[in-house]
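**Student:** Contents are mmCIF, C-alpha atoms; file name start39.cif:
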data_model
#
loop_
_atom_site.label_atom_id
_atom_site.label_comp_id
_atom_site.auth_asym_id
_atom_site.auth_seq_id
_atom_site.Cartn_x
_atom_site.Cartn_y
_atom_site.Cartn_z
CA MET A 1 -20.54 -23.44 14.54
CA SER A 2 -20.41 -21.81 17.95
CA GLU A 3 -23.23 -22.66 20.34
CA ASP A 4 -23.47 -19.18 21.88
CA LYS A 5 -24.22 -17.40 18.57
CA PRO A 6 -27.30 -17.75 16.42
CA PRO A 7 -26.56 -19.00 12.88
CA GLU A 8 -27.51 -15.66 11.28
CA GLU A 9 -24.89 -13.76 13.29
CA TYR A 10 -22.21 -16.34 12.52
CA GLU A 11 -22.87 -16.12 8.79
CA GLN A 12 -22.87 -12.32 8.87
CA GLN A 13 -19.55 -12.23 10.72
CA THR A 14 -18.04 -14.68 8.24
CA LEU A 15 -19.34 -12.59 5.36
CA PHE A 16 -17.75 -9.41 6.74
CA ILE A 17 -14.41 -11.11 7.29
CA ALA A 18 -14.44 -12.63 3.80
CA ALA A 19 -15.36 -9.23 2.30
CA GLY A 20 -12.48 -7.62 4.21
CA ILE A 21 -10.02 -10.20 2.91
CA PHE A 22 -11.37 -9.78 -0.63
CA PHE A 23 -11.20 -5.97 -0.64
CA GLY A 24 -7.78 -5.97 1.01
CA PHE A 25 -6.44 -8.31 -1.64
CA CYS A 26 -8.05 -6.18 -4.39
CA LEU A 27 -6.38 -3.08 -2.95
CA LEU A 28 -3.05 -4.87 -2.89
CA LEU A 29 -3.51 -5.96 -6.52
CA TYR A 30 -4.42 -2.39 -7.48
CA TYR A 31 -1.08 -1.11 -6.19
CA LEU A 32 0.92 -4.12 -7.38
CA PRO A 33 2.07 -2.52 -10.69
CA ALA A 34 3.47 0.49 -8.83
CA ILE A 35 5.21 -1.80 -6.36
CA MET A 36 6.63 -3.87 -9.21
CA ASN A 37 7.94 -0.75 -10.99
CA GLN A 38 9.67 0.44 -7.84
CA LEU A 39 11.23 -2.94 -7.12
CA GLY A 40 12.02 -3.73 -10.76
CA GLY A 41 14.48 -0.84 -10.95
CA GLU A 42 16.49 -2.43 -8.16
CA ASN A 43 16.46 -6.10 -9.08
CA PRO A 44 14.11 -8.19 -11.23
CA TRP A 45 14.39 -11.12 -8.81
CA ILE A 46 13.00 -8.99 -6.01
CA THR A 47 10.05 -8.14 -8.26
CA GLY A 48 9.37 -11.83 -8.86
CA GLY A 49 9.58 -12.49 -5.14
CA ALA A 50 7.11 -9.69 -4.44
CA ILE A 51 4.65 -11.17 -6.93
CA GLY A 52 5.04 -14.59 -5.28
CA VAL A 53 4.40 -13.12 -1.85
CA VAL A 54 1.34 -11.22 -3.07
CA LEU A 55 -0.10 -14.37 -4.61
CA MET A 56 0.45 -16.34 -1.40
CA VAL A 57 -1.06 -13.73 0.98
CA PRO A 58 -4.74 -14.75 0.61
CA PHE A 59 -3.92 -18.45 0.95
CA ILE A 60 -1.86 -17.89 4.09
CA GLY A 61 -4.55 -15.62 5.53
CA LEU A 62 -7.31 -18.12 4.90
CA TRP A 63 -5.18 -20.97 6.23
CA LEU A 64 -4.52 -19.05 9.46
CA ARG A 65 -8.21 -18.23 9.79
CA GLY A 66 -9.10 -21.89 9.31
CA ARG A 67 -6.64 -22.90 12.00
CA ALA A 68 -8.09 -20.35 14.39
CA GLN A 69 -11.63 -21.56 13.67
CA ARG A 70 -10.66 -25.21 14.24
CA LYS A 71 -8.89 -24.30 17.46
CA LYS A 72 -11.92 -22.31 18.63
CA LYS A 73 -14.24 -25.21 17.77
CA THR A 74 -12.17 -27.86 19.57
CA GLY A 75 -10.85 -25.79 22.44
#
Let me see the structure of the file written as structure tokens.
**Tutor:**
Amino acid sequence: MSEDKPPEEYEQQTLFIAAGIFFGFCLLLYYLPAIMNQLGGENPWITGGAIGVVLMVPFIGLWLRGRAQRKKKTG
């Protein structure tokens, strides 16, 4: 936890960022069938790749956020 912020502000900021990631991923999942239909007409392998990318997006985003938080804490 950062020393210059009170704990309440840190938790609120974390909550807003987590909510943004959650709603962004939900929006992406909402449009995923339309994306799959568009890509499926071209090539089914591209559709599978798009699904794989969509499933990896939140993990990559959270991993990058964790790295940034660790770097901020140590540096």
**Student:** Rounded to one decimal, what separation in Å do you get between CA of Gly41 (chain A) and CA of Val53 (chain A)?
**Tutor:**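 Pair CA of Gly41 (chain A) / CA of Val53 (chain A) returns 18.3 Å.
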**Student:** Could you check how far CA of Arg65 (chain A) sits from CA of Thr47 (chain A), in Å to one decimal?
**Tutor:**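 Taking CA of Arg65 (chain A) and CA of Thr47 (chain A), their separation equals 27.6 Å.
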**Student:** Would you pick out the contacts of region 27-29 of chain A at 10 Å or less, using only C-alpha atoms, so that residues sharing its chain but fewer than 6 positions from it are not included, and give the list as a PDB file with C-alpha atoms, keeping the file's coordinate frame?
**Tutor:**
ATOM      1  CA  ILE A  21     -10.020 -10.200   2.910  1.00  0.00           C
ATOM      2  CA  ILE A  35       5.210  -1.800  -6.360  1.00  0.00           C
ATOM      3  CA  ILE A  51       4.650 -11.170  -6.930  1.00  0.00           C
ATOM      4  CA  VAL A  54       1.340 -11.220  -3.070  1.00  0.00           C
ATOM      5  CA  LEU A  55      -0.100 -14.370  -4.610  1.00  0.00           C
ATOM      6  CA  VAL A  57      -1.060 -13.730   0.980  1.00  0.00           C
TER       7      VAL A  57
END
**Student:** Of the candidates A:Ala50, A:Phe23, A:Ile17, A:Leu64, which one gets nearest to Asn37 (chain A) if we count all atoms listed in the file?
**Tutor:** A:Ala50
**Student:** What is the CA of Arg67 (chain A)-CA of Glu11 (chain A) distance in Å, reported with one decimal?
**Tutor:**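 Computed distance, CA of Arg67 (chain A) to CA of Glu11 (chain A), equals 17.9 Å.
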**Student:** Rank nothing, just name the residue among A:Gln12, A:Pro44, A:Leu39, A:Pro58 nearest to Cys26 (chain A), using all atoms listed in the file.
**Tutor:**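 Closest residue, counting all atoms listed in the file: A:Pro58.
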**Student:** Quick one: axis-aligned box around all listed atoms of region 14-18 of chain A, 5 Å on every side, centre and edge lengths in Å to one decimal, written as lines of an AutoDock Vina configuration file.
**Tutor:**
center_x = -16.9
center_y = -12.0
center_z = 6.0
size_x = 14.9
size_y = 15.3
size_z = 14.4
